[in-house]
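File shown here: my_file04.pdb, holding PDB, C-alpha atoms.
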```pdb
ATOM      1  CA  MET A   1      29.991 109.841  88.442
ATOM      2  CA  GLY A   2      29.383 110.620  92.099
ATOM      3  CA  THR A   3      31.146 112.889  94.426
ATOM      4  CA  ARG A   4      33.708 111.444  96.779
ATOM      5  CA  THR A   5      35.510 112.970  99.683
ATOM      6  CA  ILE A   6      39.201 112.506 100.287
ATOM      7  CA  SER A   7      40.807 113.530 103.489
ATOM      8  CA  VAL A   8      43.697 115.958 103.269
ATOM      9  CA  VAL A   9      46.204 116.458 106.035
ATOM     10  CA  GLU A  10      47.933 119.731 105.216
ATOM     11  CA  ASN A  11      48.499 123.002 107.014
ATOM     12  CA  ILE A  12      47.440 125.851 104.776
ATOM     13  CA  LEU A  13      50.444 128.058 105.430
ATOM     14  CA  ASP A  14      53.024 125.267 105.212
ATOM     15  CA  ALA A  15      54.416 126.711 101.987
ATOM     16  CA  ASN A  16      55.078 130.063 103.673
ATOM     17  CA  ASP A  17      56.592 128.338 106.692
ATOM     18  CA  ARG A  18      58.943 126.339 104.491
ATOM     19  CA  ILE A  19      60.193 129.468 102.744
ATOM     20  CA  ALA A  20      60.566 131.171 106.131
ATOM     21  CA  GLN A  21      62.737 128.241 107.164
ATOM     22  CA  ALA A  22      64.849 128.667 104.018
ATOM     23  CA  ASN A  23      65.248 132.388 104.776
ATOM     24  CA  GLN A  24      66.503 131.557 108.240
ATOM     25  CA  GLU A  25      68.963 129.022 106.869
ATOM     26  CA  LEU A  26      70.276 131.723 104.557
ATOM     27  CA  PHE A  27      70.700 134.118 107.509
ATOM     28  CA  ASP A  28      72.465 131.415 109.476
ATOM     29  CA  SER A  29      74.833 130.662 106.597
ATOM     30  CA  THR A  30      76.112 134.260 106.734
ATOM     31  CA  LYS A  31      75.716 134.613 110.507
ATOM     32  CA  THR A  32      73.198 137.431 110.143
ATOM     33  CA  PHE A  33      70.788 138.056 113.007
ATOM     34  CA  ALA A  34      67.365 139.085 111.652
ATOM     35  CA  ILE A  35      64.862 141.089 113.686
ATOM     36  CA  ASN A  36      61.255 141.585 112.571
ATOM     37  CA  PHE A  37      59.551 144.670 114.011
ATOM     38  CA  MET A  38      55.758 144.644 113.890
ATOM     39  CA  ALA A  39      53.234 147.266 115.000
ATOM     40  CA  SER A  40      50.079 149.057 114.020
ATOM     41  CA  PRO A  41      50.414 152.124 111.761
ATOM     42  CA  GLY A  42      51.625 155.105 113.751
ATOM     43  CA  ALA A  43      52.986 153.146 116.727
ATOM     44  CA  GLY A  44      56.404 154.581 115.959
ATOM     45  CA  LYS A  45      58.121 151.653 114.242
ATOM     46  CA  THR A  46      60.426 153.755 112.120
ATOM     47  CA  SER A  47      61.308 156.144 114.984
ATOM     48  CA  VAL A  48      62.055 153.243 117.340
ATOM     49  CA  ILE A  49      64.152 151.551 114.676
ATOM     50  CA  LEU A  50      66.121 154.704 113.878
ATOM     51  CA  ARG A  51      66.969 155.240 117.552
ATOM     52  CA  THR A  52      67.812 151.545 117.964
ATOM     53  CA  VAL A  53      70.170 151.791 115.000
ATOM     54  CA  GLN A  54      71.934 154.795 116.556
ATOM     55  CA  TYR A  55      72.691 152.727 119.647
ATOM     56  CA  LEU A  56      73.934 149.708 117.733
ATOM     57  CA  ASN A  57      75.608 151.314 114.749
ATOM     58  CA  SER A  58      79.141 151.229 116.071
ATOM     59  CA  ARG A  59      78.864 147.618 117.190
ATOM     60  CA  TYR A  60      77.305 145.814 114.238
ATOM     61  CA  ARG A  61      77.207 146.034 110.463
ATOM     62  CA  MET A  62      73.557 146.609 109.665
ATOM     63  CA  ALA A  63      71.072 146.606 106.813
ATOM     64  CA  GLY A  64      67.332 147.136 106.660
ATOM     65  CA  VAL A  65      64.292 145.813 104.852
ATOM     66  CA  ASP A  66      61.190 147.985 104.884
ATOM     67  CA  GLY A  67      57.760 146.701 104.067
ATOM     68  CA  ASP A  68      55.155 149.221 103.058
ATOM     69  CA  VAL A  69      52.064 149.296 100.939
ATOM     70  CA  ALA A  70      53.625 152.044  98.824
ATOM     71  CA  THR A  71      56.439 154.666  98.854
ATOM     72  CA  THR A  72      60.101 154.385  99.888
ATOM     73  CA  ILE A  73      59.882 156.886 102.762
ATOM     74  CA  ASP A  74      60.962 154.423 105.434
ATOM     75  CA  ALA A  75      63.869 152.962 103.460
ATOM     76  CA  ASP A  76      64.988 156.511 102.649
ATOM     77  CA  ARG A  77      64.994 157.389 106.348
ATOM     78  CA  MET A  78      67.244 154.416 107.083
ATOM     79  CA  ALA A  79      69.511 155.215 104.162
ATOM     80  CA  ALA A  80      69.787 158.798 105.417
ATOM     81  CA  ILE A  81      71.527 157.577 108.575
ATOM     82  CA  GLY A  82      73.845 155.306 106.639
ATOM     83  CA  ILE A  83      72.042 151.976 106.781
ATOM     84  CA  PRO A  84      71.599 150.358 103.372
ATOM     85  CA  ALA A  85      67.907 149.552 103.056
ATOM     86  CA  VAL A  86      65.707 147.719 100.606
ATOM     87  CA  GLN A  87      62.085 148.716 100.276
ATOM     88  CA  ILE A  88      59.453 146.081  99.605
ATOM     89  CA  ASN A  89      56.275 147.639  98.294
ATOM     90  CA  THR A  90      53.587 145.102  98.877
ATOM     91  CA  GLY A  91      51.188 146.792  96.469
ATOM     92  CA  GLY A  92      48.257 146.682  98.829
ATOM     93  CA  THR A  93      49.025 143.505 100.751
ATOM     94  CA  CYS A  94      48.921 144.217 104.449
ATOM     95  CA  HIS A  95      51.922 142.206 105.650
ATOM     96  CA  LEU A  96      55.284 140.871 104.591
ATOM     97  CA  ASP A  97      55.455 137.162 103.971
ATOM     98  CA  ALA A  98      58.389 134.807 103.580
ATOM     99  CA  VAL A  99      58.226 134.911  99.774
ATOM    100  CA  MET A 100      58.363 138.715  99.596
ATOM    101  CA  LEU A 101      61.301 138.742 101.990
ATOM    102  CA  SER A 102      63.187 136.056 100.087
ATOM    103  CA  GLY A 103      62.780 138.165  96.931
ATOM    104  CA  ALA A 104      64.444 141.123  98.637
ATOM    105  CA  LEU A 105      67.364 139.250 100.200
ATOM    106  CA  PRO A 106      69.527 138.930  97.042
ATOM    107  CA  LYS A 107      69.697 142.745  96.989
ATOM    108  CA  ILE A 108      71.578 142.712 100.303
ATOM    109  CA  GLU A 109      75.161 141.559 100.755
ATOM    110  CA  LEU A 110      74.265 139.404 103.763
ATOM    111  CA  SER A 111      77.840 138.192 104.276
ATOM    112  CA  GLU A 112      78.683 141.784 105.236
ATOM    113  CA  VAL A 113      75.723 142.207 107.584
ATOM    114  CA  ASP A 114      75.613 141.202 111.266
ATOM    115  CA  LEU A 115      72.165 142.590 111.926
ATOM    116  CA  LEU A 116      69.244 142.767 109.520
ATOM    117  CA  ILE A 117      66.352 144.938 110.637
ATOM    118  CA  ILE A 118      63.023 144.117 109.030
ATOM    119  CA  GLU A 119      60.240 146.650 109.381
ATOM    120  CA  ASN A 120      56.955 144.922 108.696
ATOM    121  CA  VAL A 121      53.886 146.619 107.242
ATOM    122  CA  GLY A 122      51.947 148.557 109.887
ATOM    123  CA  ASN A 123      49.180 146.185 110.928
ATOM    124  CA  LEU A 124      48.233 144.293 114.064
ATOM    125  CA  ILE A 125      46.413 141.432 112.404
ATOM    126  CA  CYS A 126      48.083 139.433 109.713
ATOM    127  CA  PRO A 127      51.847 139.851 110.144
ATOM    128  CA  ALA A 128      51.389 137.380 113.000
ATOM    129  CA  SER A 129      50.189 134.670 110.612
ATOM    130  CA  PHE A 130      53.094 134.855 108.191
ATOM    131  CA  LYS A 131      56.477 133.805 109.508
ATOM    132  CA  LEU A 132      59.457 135.436 107.823
ATOM    133  CA  GLY A 133      62.354 133.389 109.125
ATOM    134  CA  SER A 134      63.569 136.120 111.473
ATOM    135  CA  HIS A 135      65.382 135.135 114.689
ATOM    136  CA  LEU A 136      63.597 137.685 116.834
ATOM    137  CA  ASP A 137      60.070 139.063 116.472
ATOM    138  CA  VAL A 138      59.327 142.263 118.351
ATOM    139  CA  LEU A 139      55.988 143.999 118.739
ATOM    140  CA  ILE A 140      55.903 147.743 119.219
ATOM    141  CA  ALA A 141      52.742 148.946 120.952
ATOM    142  CA  SER A 142      52.116 152.582 121.800
ATOM    143  CA  VAL A 143      50.271 154.432 124.521
ATOM    144  CA  PRO A 144      47.736 156.237 122.251
ATOM    145  CA  GLU A 145      46.486 152.879 120.901
ATOM    146  CA  GLY A 146      44.950 152.097 124.276
ATOM    147  CA  ASP A 147      45.638 149.509 126.946
ATOM    148  CA  ASP A 148      43.119 146.955 125.631
ATOM    149  CA  LYS A 149      45.063 145.892 122.522
ATOM    150  CA  PRO A 150      46.388 142.582 123.908
ATOM    151  CA  TYR A 151      42.779 141.623 124.608
ATOM    152  CA  LYS A 152      41.633 142.568 121.102
ATOM    153  CA  TYR A 153      44.564 141.282 119.059
ATOM    154  CA  PRO A 154      45.692 138.267 121.073
ATOM    155  CA  LYS A 155      47.503 136.548 118.226
ATOM    156  CA  MET A 156      49.901 139.419 117.669
ATOM    157  CA  TYR A 157      51.127 139.193 121.246
ATOM    158  CA  ARG A 158      51.577 135.455 121.199
ATOM    159  CA  GLY A 159      54.204 134.969 118.550
ATOM    160  CA  VAL A 160      56.644 137.642 119.686
ATOM    161  CA  LYS A 161      59.608 137.488 122.026
ATOM    162  CA  ALA A 162      59.420 141.083 123.213
ATOM    163  CA  THR A 163      56.923 143.904 123.458
ATOM    164  CA  LEU A 164      58.030 147.529 123.483
ATOM    165  CA  LEU A 165      55.491 149.981 124.822
ATOM    166  CA  ASN A 166      56.377 153.207 123.002
ATOM    167  CA  LYS A 167      55.364 156.838 123.582
ATOM    168  CA  ILE A 168      55.439 156.581 127.384
ATOM    169  CA  ASP A 169      56.049 160.342 127.390
ATOM    170  CA  LEU A 170      52.285 160.564 126.707
ATOM    171  CA  LEU A 171      51.253 158.554 129.780
ATOM    172  CA  PRO A 172      50.465 161.661 131.887
ATOM    173  CA  TYR A 173      47.963 162.824 129.273
ATOM    174  CA  LEU A 174      46.092 159.621 128.450
ATOM    175  CA  ASP A 175      44.089 157.013 130.335
ATOM    176  CA  PHE A 176      46.421 154.122 129.779
ATOM    177  CA  ASP A 177      46.654 151.510 132.523
ATOM    178  CA  VAL A 178      50.131 150.017 132.117
ATOM    179  CA  GLU A 179      49.378 147.186 134.559
ATOM    180  CA  TYR A 180      46.181 146.191 132.719
ATOM    181  CA  PHE A 181      48.084 146.209 129.432
ATOM    182  CA  ARG A 182      50.977 144.275 130.892
ATOM    183  CA  LYS A 183      48.720 141.707 132.488
ATOM    184  CA  GLY A 184      47.073 141.035 129.123
ATOM    185  CA  VAL A 185      50.452 140.594 127.476
ATOM    186  CA  GLU A 186      51.712 138.362 130.270
ATOM    187  CA  VAL A 187      48.723 136.035 130.033
ATOM    188  CA  LEU A 188      49.067 135.647 126.280
ATOM    189  CA  ASN A 189      52.802 135.277 126.311
ATOM    190  CA  PRO A 190      54.165 134.381 129.745
ATOM    191  CA  GLY A 191      57.675 135.564 130.407
ATOM    192  CA  LEU A 192      58.099 137.703 127.320
ATOM    193  CA  ALA A 193      60.420 140.692 127.575
ATOM    194  CA  PHE A 194      58.558 143.943 128.184
ATOM    195  CA  PHE A 195      60.076 147.418 127.944
ATOM    196  CA  GLN A 196      58.548 150.858 128.321
ATOM    197  CA  ILE A 197      60.215 153.361 126.021
ATOM    198  CA  SER A 198      59.875 156.695 124.309
ATOM    199  CA  ALA A 199      61.486 157.020 120.893
ATOM    200  CA  LYS A 200      61.011 160.768 121.216
ATOM    201  CA  THR A 201      62.814 161.335 124.519
ATOM    202  CA  GLY A 202      64.944 158.198 124.610
ATOM    203  CA  ASP A 203      63.503 157.151 127.972
ATOM    204  CA  GLY A 204      63.744 153.442 128.685
ATOM    205  CA  PHE A 205      66.068 152.715 125.782
ATOM    206  CA  GLU A 206      69.034 151.641 127.866
ATOM    207  CA  ALA A 207      67.342 148.602 129.392
ATOM    208  CA  TYR A 208      65.840 147.626 126.061
ATOM    209  CA  ILE A 209      69.116 148.061 124.162
ATOM    210  CA  ASP A 210      71.031 146.055 126.804
ATOM    211  CA  TRP A 211      68.585 143.209 126.388
ATOM    212  CA  LEU A 212      68.672 143.433 122.591
ATOM    213  CA  ARG A 213      72.445 143.574 122.456
ATOM    214  CA  ASN A 214      72.586 140.463 124.552
ATOM    215  CA  GLN A 215      70.227 138.606 122.180
ATOM    216  CA  ILE A 216      72.364 139.578 119.209
ATOM    217  CA  ASP A 217      75.695 138.846 120.896
ATOM    218  CA  VAL A 218      74.600 135.385 121.984
ATOM    219  CA  TYR A 219      73.707 134.633 118.374
ATOM    220  CA  LEU A 220      76.932 136.109 117.023
ATOM    221  CA  GLU A 221      78.859 134.300 119.784
ATOM    222  CA  ARG A 222      80.305 137.562 121.010
ATOM    223  CA  ALA A 223      78.792 137.348 124.483
TER     224      ALA A 223
ATOM    225  CA  MET B   1      43.874 141.502 101.979
ATOM    226  CA  HIS B   2      45.922 138.876 103.788
ATOM    227  CA  GLU B   3      43.415 136.308 102.612
ATOM    228  CA  LEU B   4      44.931 136.315  99.123
ATOM    229  CA  PRO B   5      48.198 134.477  99.833
ATOM    230  CA  PHE B   6      46.252 132.214 102.140
ATOM    231  CA  VAL B   7      43.804 131.379  99.331
ATOM    232  CA  GLU B   8      46.629 130.824  96.840
ATOM    233  CA  SER B   9      48.059 128.278  99.235
ATOM    234  CA  VAL B  10      44.666 126.567  99.598
ATOM    235  CA  LEU B  11      44.346 126.374  95.813
ATOM    236  CA  LYS B  12      47.809 124.942  95.292
ATOM    237  CA  ILE B  13      47.242 122.172  97.821
ATOM    238  CA  THR B  14      43.722 121.480  96.512
ATOM    239  CA  VAL B  15      44.867 121.119  92.896
ATOM    240  CA  GLU B  16      47.782 118.859  93.868
ATOM    241  CA  GLN B  17      45.538 116.601  95.920
ATOM    242  CA  ALA B  18      42.825 116.476  93.243
ATOM    243  CA  GLN B  19      45.329 115.568  90.547
ATOM    244  CA  GLN B  20      46.806 112.838  92.694
ATOM    245  CA  ALA B  21      43.307 111.411  93.154
ATOM    246  CA  LYS B  22      42.706 111.700  89.387
ATOM    247  CA  ALA B  23      39.684 113.895  89.937
ATOM    248  CA  LYS B  24      37.856 115.580  87.065
ATOM    249  CA  ARG B  25      36.881 118.497  89.196
ATOM    250  CA  VAL B  26      36.697 119.678  92.756
ATOM    251  CA  VAL B  27      33.246 120.516  94.093
ATOM    252  CA  GLY B  28      34.041 121.335  97.700
ATOM    253  CA  VAL B  29      36.936 122.143 100.003
ATOM    254  CA  ASN B  30      36.587 121.661 103.750
ATOM    255  CA  LEU B  31      38.830 123.806 105.896
ATOM    256  CA  VAL B  32      39.278 124.112 109.638
ATOM    257  CA  ILE B  33      39.984 127.674 110.702
ATOM    258  CA  GLY B  34      40.567 128.871 114.256
ATOM    259  CA  ASP B  35      39.366 132.312 115.237
ATOM    260  CA  LEU B  36      42.933 133.400 115.989
ATOM    261  CA  SER B  37      43.837 132.995 112.327
ATOM    262  CA  SER B  38      42.149 136.307 111.393
ATOM    263  CA  MET B  39      40.618 135.011 108.183
ATOM    264  CA  VAL B  40      37.216 136.274 107.057
ATOM    265  CA  ASP B  41      35.188 133.519 105.372
ATOM    266  CA  GLU B  42      33.516 135.782 102.791
ATOM    267  CA  SER B  43      36.821 137.331 101.861
ATOM    268  CA  VAL B  44      38.445 133.923 101.457
ATOM    269  CA  GLN B  45      35.575 132.764  99.198
ATOM    270  CA  PHE B  46      35.798 136.011  97.184
ATOM    271  CA  TYR B  47      39.485 135.498  96.399
ATOM    272  CA  TRP B  48      38.915 131.809  95.860
ATOM    273  CA  ASP B  49      36.383 132.446  93.104
ATOM    274  CA  ILE B  50      38.956 134.591  91.313
ATOM    275  CA  VAL B  51      42.117 132.514  91.715
ATOM    276  CA  SER B  52      40.453 129.145  91.070
ATOM    277  CA  GLU B  53      39.170 130.255  87.663
ATOM    278  CA  GLY B  54      40.432 127.994  84.898
ATOM    279  CA  THR B  55      41.633 125.272  87.304
ATOM    280  CA  ILE B  56      39.950 121.982  88.145
ATOM    281  CA  ALA B  57      38.823 123.624  91.353
ATOM    282  CA  GLU B  58      36.863 126.350  89.584
ATOM    283  CA  GLY B  59      33.428 126.758  91.105
ATOM    284  CA  ALA B  60      34.214 124.631  94.152
ATOM    285  CA  LYS B  61      32.491 125.721  97.328
ATOM    286  CA  LEU B  62      34.604 126.400 100.395
ATOM    287  CA  HIS B  63      33.267 125.157 103.704
ATOM    288  CA  PHE B  64      34.675 126.472 106.941
ATOM    289  CA  LYS B  65      34.631 124.760 110.269
ATOM    290  CA  ARG B  66      35.326 127.634 112.655
ATOM    291  CA  LEU B  67      36.955 126.855 115.980
ATOM    292  CA  PRO B  68      36.827 129.322 118.867
ATOM    293  CA  VAL B  69      39.802 130.568 120.849
ATOM    294  CA  VAL B  70      39.955 128.349 123.907
ATOM    295  CA  PHE B  71      41.931 129.057 127.039
ATOM    296  CA  GLN B  72      42.731 126.603 129.767
ATOM    297  CA  CYS B  73      43.611 127.551 133.304
ATOM    298  CA  LYS B  74      46.842 125.893 134.395
ATOM    299  CA  ASP B  75      45.826 126.103 138.048
ATOM    300  CA  CYS B  76      42.263 124.747 138.123
ATOM    301  CA  GLY B  77      41.966 123.233 134.629
ATOM    302  CA  THR B  78      38.880 125.218 133.574
ATOM    303  CA  LYS B  79      38.486 125.665 129.822
ATOM    304  CA  TYR B  80      36.882 128.909 128.708
ATOM    305  CA  GLN B  81      36.477 131.361 125.836
ATOM    306  CA  LEU B  82      37.393 135.043 125.677
ATOM    307  CA  ASP B  83      34.810 137.698 126.408
ATOM    308  CA  GLY B  84      36.959 140.458 124.858
ATOM    309  CA  LYS B  85      37.767 142.149 128.161
ATOM    310  CA  HIS B  86      39.264 139.617 130.514
ATOM    311  CA  LEU B  87      41.840 136.967 129.914
ATOM    312  CA  ALA B  88      42.062 135.527 133.426
ATOM    313  CA  CYS B  89      40.305 132.305 134.442
ATOM    314  CA  PRO B  90      36.624 133.089 135.155
ATOM    315  CA  LYS B  91      36.507 130.420 137.868
ATOM    316  CA  CYS B  92      39.568 131.018 140.013
ATOM    317  CA  GLY B  93      40.904 134.318 138.628
ATOM    318  CA  SER B  94      44.331 132.890 137.824
ATOM    319  CA  THR B  95      46.313 134.424 134.976
ATOM    320  CA  HIS B  96      48.419 131.311 134.721
ATOM    321  CA  VAL B  97      46.664 130.162 131.556
ATOM    322  CA  ALA B  98      47.413 128.681 128.146
ATOM    323  CA  ILE B  99      45.747 129.014 124.772
ATOM    324  CA  VAL B 100      44.760 125.514 123.732
ATOM    325  CA  GLY B 101      42.661 126.217 120.636
ATOM    326  CA  GLY B 102      42.023 128.805 117.949
ATOM    327  CA  ASP B 103      45.271 128.731 115.956
ATOM    328  CA  GLU B 104      44.068 126.147 113.469
ATOM    329  CA  ALA B 105      44.403 126.705 109.724
ATOM    330  CA  HIS B 106      44.369 123.358 107.993
ATOM    331  CA  PHE B 107      42.553 121.139 105.529
ATOM    332  CA  GLU B 108      40.060 118.521 106.525
ATOM    333  CA  SER B 109      39.073 117.113 103.149
ATOM    334  CA  ILE B 110      38.176 117.905  99.577
ATOM    335  CA  GLU B 111      35.128 116.720  97.645
ATOM    336  CA  ILE B 112      35.891 115.615  94.118
ATOM    337  CA  GLU B 113      34.199 114.099  91.080
TER     338      GLU B 113
END
```

What does the file become when written as structure tokens?
Amino acid sequence: MGTRTISVVENILDANDRIAQANQELFDSTKTFAINFMASPGAGKTSVILRTVQYLNSRYRMAGVDGDVATTIDADRMAAIGIPAVQINTGGTCHLDAVMLSGALPKIELSEVDLLIIENVGNLICPASFKLGSHLDVLIASVPEGDDKPYKYPKMYRGVKATLLNKIDLLPYLDFDVEYFRKGVEVLNPGLAFFQISAKTGDGFEAYIDWLRNQIDVYLERA
Amino acid sequence: MHELPFVESVLKITVEQAQQAKAKRVVGVNLVIGDLSSMVDESVQFYWDIVSEGTIAEGAKLHFKRLPVVFQCKDCGTKYQLDGKHLACPKCGSTHVAIVGGDEAHFESIEIE
């Protein structure tokens, strides 16, 4: 019996995308706005999130999902400031995908949550390939990573709605060309929101939080 | 490591398609992968050999058609590829550009017996 070739018209990650869609429908059914924060390890995801939560805590009911290869350090840090958090240990996998997230969602009382903060695994490569079903995807870049990252990891900058450039308190000490960085981001993702912040000093947070609050309020129909 | 869920998805679709076609076994899988998809061919094949064990796709060879990341200038229409340093149009210098290729991650065909 000979070999024959049959043509197959399928996108490889369709299954993930379908589950991401189901996650979003679940969020919509409870009117929960889901934000997915992505960044490389050490960009300051947890610090940015903790400061963000402090700004928004009195306005929204919040919960968190933390993705990490191992440990519950990040979920513990959220819990310590009063945000119920679920840790997903990916056991070596370098990103969260829609299936992992859907497995964590039953542990959260979504009907009592206005804002769900998802902290993805620290990685600039594959979180971009796996949709989660979040309403807003945010990339946190940081000054010590260097200004060439949009040129080296173009995909990461394409799928997001906002980029936060963190650790701007280090700009005087490092050769980081903000305009070169920004130009790279702008080419890949024209019109995306761009904020320069420092999670350490709080610089730049007001403009970013105003923008974020607006995104959430429009969704929650509070604007 | 992100290749694993990707490979599991490839296997699931391959087995479904092969069963529908009443195949005895799958000898080859032809995939189209853009360079923006961040998949490493060797890594995909490595996981494939493990997860396809015991299925009708066991031993099938994966073939990759790699597609480069292609930009197109919205001002002068030039199509070009990235050199890793510059994103702007090499012809007119415009940064008013769009990515028109490189995101692909889909099947083309499978070879069955």

Query raised in the report: So what do you get for CA of Tyr157 in chain A versus CA of Gly122 in chain A, distance-wise?
Result: 14.7 Å

Requested in this report: Just say which residues the PyMOL selection byres ((chain B) within 7 of (chain A)) picks in this file, as a list in words.
Outcome: Met1, His2, Phe6, Ser9, Val10, Leu36, Ser37, Ser38, Gly84, Lys85, Leu87, Thr95, His96, Val97, Ala105, His106, Phe107, Glu108, Ser109, Ile110, Glu111, Ile112 and Glu113 of chain B

Restricting the output to C-alpha atoms, write the selected residues as a compact mmCIF listing (two decimals), in the coordinates of the input.
```txt
# COMPACT_ATOMS: atom_id res chain seq x y z
CA MET B 1 43.87 141.50 101.98
CA HIS B 2 45.92 138.88 103.79
CA PHE B 6 46.25 132.21 102.14
CA SER B 9 48.06 128.28 99.24
CA VAL B 10 44.67 126.57 99.60
CA LEU B 36 42.93 133.40 115.99
CA SER B 37 43.84 133.00 112.33
CA SER B 38 42.15 136.31 111.39
CA GLY B 84 36.96 140.46 124.86
CA LYS B 85 37.77 142.15 128.16
CA LEU B 87 41.84 136.97 129.91
CA THR B 95 46.31 134.42 134.98
CA HIS B 96 48.42 131.31 134.72
CA VAL B 97 46.66 130.16 131.56
CA ALA B 105 44.40 126.70 109.72
CA HIS B 106 44.37 123.36 107.99
CA PHE B 107 42.55 121.14 105.53
CA GLU B 108 40.06 118.52 106.52
CA SER B 109 39.07 117.11 103.15
CA ILE B 110 38.18 117.90 99.58
CA GLU B 111 35.13 116.72 97.64
CA ILE B 112 35.89 115.62 94.12
CA GLU B 113 34.20 114.10 91.08
```

Around the point (64.3, 137.0, 111.7) (coordinates from the file), which residues reach within 9 Å if we count only C-alpha atoms? Answer as a PDB file with C-alpha atoms, keeping the file's coordinate frame.
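And here is the file that came out, point_31.pdb:
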```
ATOM      1  CA  ALA A  20      60.566 131.171 106.131  1.00  0.00           C
ATOM      2  CA  ASN A  23      65.248 132.388 104.776  1.00  0.00           C
ATOM      3  CA  GLN A  24      66.503 131.557 108.240  1.00  0.00           C
ATOM      4  CA  PHE A  27      70.700 134.118 107.509  1.00  0.00           C
ATOM      5  CA  PHE A  33      70.788 138.056 113.007  1.00  0.00           C
ATOM      6  CA  ALA A  34      67.365 139.085 111.652  1.00  0.00           C
ATOM      7  CA  ILE A  35      64.862 141.089 113.686  1.00  0.00           C
ATOM      8  CA  ASN A  36      61.255 141.585 112.571  1.00  0.00           C
ATOM      9  CA  LEU A 116      69.244 142.767 109.520  1.00  0.00           C
ATOM     10  CA  ILE A 117      66.352 144.938 110.637  1.00  0.00           C
ATOM     11  CA  ILE A 118      63.023 144.117 109.030  1.00  0.00           C
ATOM     12  CA  LYS A 131      56.477 133.805 109.508  1.00  0.00           C
ATOM     13  CA  LEU A 132      59.457 135.436 107.823  1.00  0.00           C
ATOM     14  CA  GLY A 133      62.354 133.389 109.125  1.00  0.00           C
ATOM     15  CA  SER A 134      63.569 136.120 111.473  1.00  0.00           C
ATOM     16  CA  HIS A 135      65.382 135.135 114.689  1.00  0.00           C
ATOM     17  CA  LEU A 136      63.597 137.685 116.834  1.00  0.00           C
ATOM     18  CA  ASP A 137      60.070 139.063 116.472  1.00  0.00           C
TER      19      ASP A 137
END
```

Query - Polymer residues at most 12 Å from Lys74 in chain B, only C-alpha atoms, same-chain spacing of 2 or more positions, as an MDAnalysis selection string - result: (chainID A and resid 187) or (chainID B and resid 71:72 76:80 88:89 91:100)

Report task. One decimal, Å: what's the distance from CA of Trp48 in chain B over to CA of Glu3 in chain B, could you say? Result -> 9.3 Å

Requested in this report: Find the residues near Leu139 in chain A: any atom within 8 Å, counting only C-alpha atoms, skip ones fewer than 3 places away on the same chain, and give them as a list in words.
Outcome: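 Skipping anything fewer than 3 positions along the chain leaves Phe37, Met38, Ala39, Met156, Tyr157, Val160, Ala162, Thr163 and Leu164 of chain A.
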
Requested in this report: Rank A:Pro41, A:Asn89, A:Tyr55, A:Gly159 by their smallest atom-to-atom distance to Asp103 in chain B, using all atoms listed in the file, and report the top residue only.
Outcome: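 Answer, going by the shortest atom-to-atom distance: A:Gly159.
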
Query raised in the report: Contacts of range 54-60 of chain B at 10 Å or less, counting only C-alpha atoms, minus same-chain residues fewer than 4 places along, as a PyMOL selection string?
Result: chain B and resi 11-12+14-15+18-19+23-29+45+48-50+110-112

Requested in this report: Rounded to one decimal place, report the CA of Glu25 in chain A-CA of Glu112 in chain A distance in Å.
Outcome: 16.1 Å

How big is the axis-aligned box around the listed atoms of range 170-180 of chain A once 5 Å is added on each side, and where is its centre? Give both in Å to one decimal, as lines of an AutoDock Vina configuration file.
```
center_x = 48.2
center_y = 154.5
center_z = 130.6
size_x = 18.2
size_y = 26.6
size_z = 17.9
```

Report task. Apply the PyMOL selection byres ((chain A and resi 166) around 7) to the file shown and report the selected residues as a list in words. Result -> Ile140, Ala141, Ser142, Val143, Leu164, Leu165, Lys167, Ile168, Gln196, Ile197, Ser198 and Ala199 of chain A
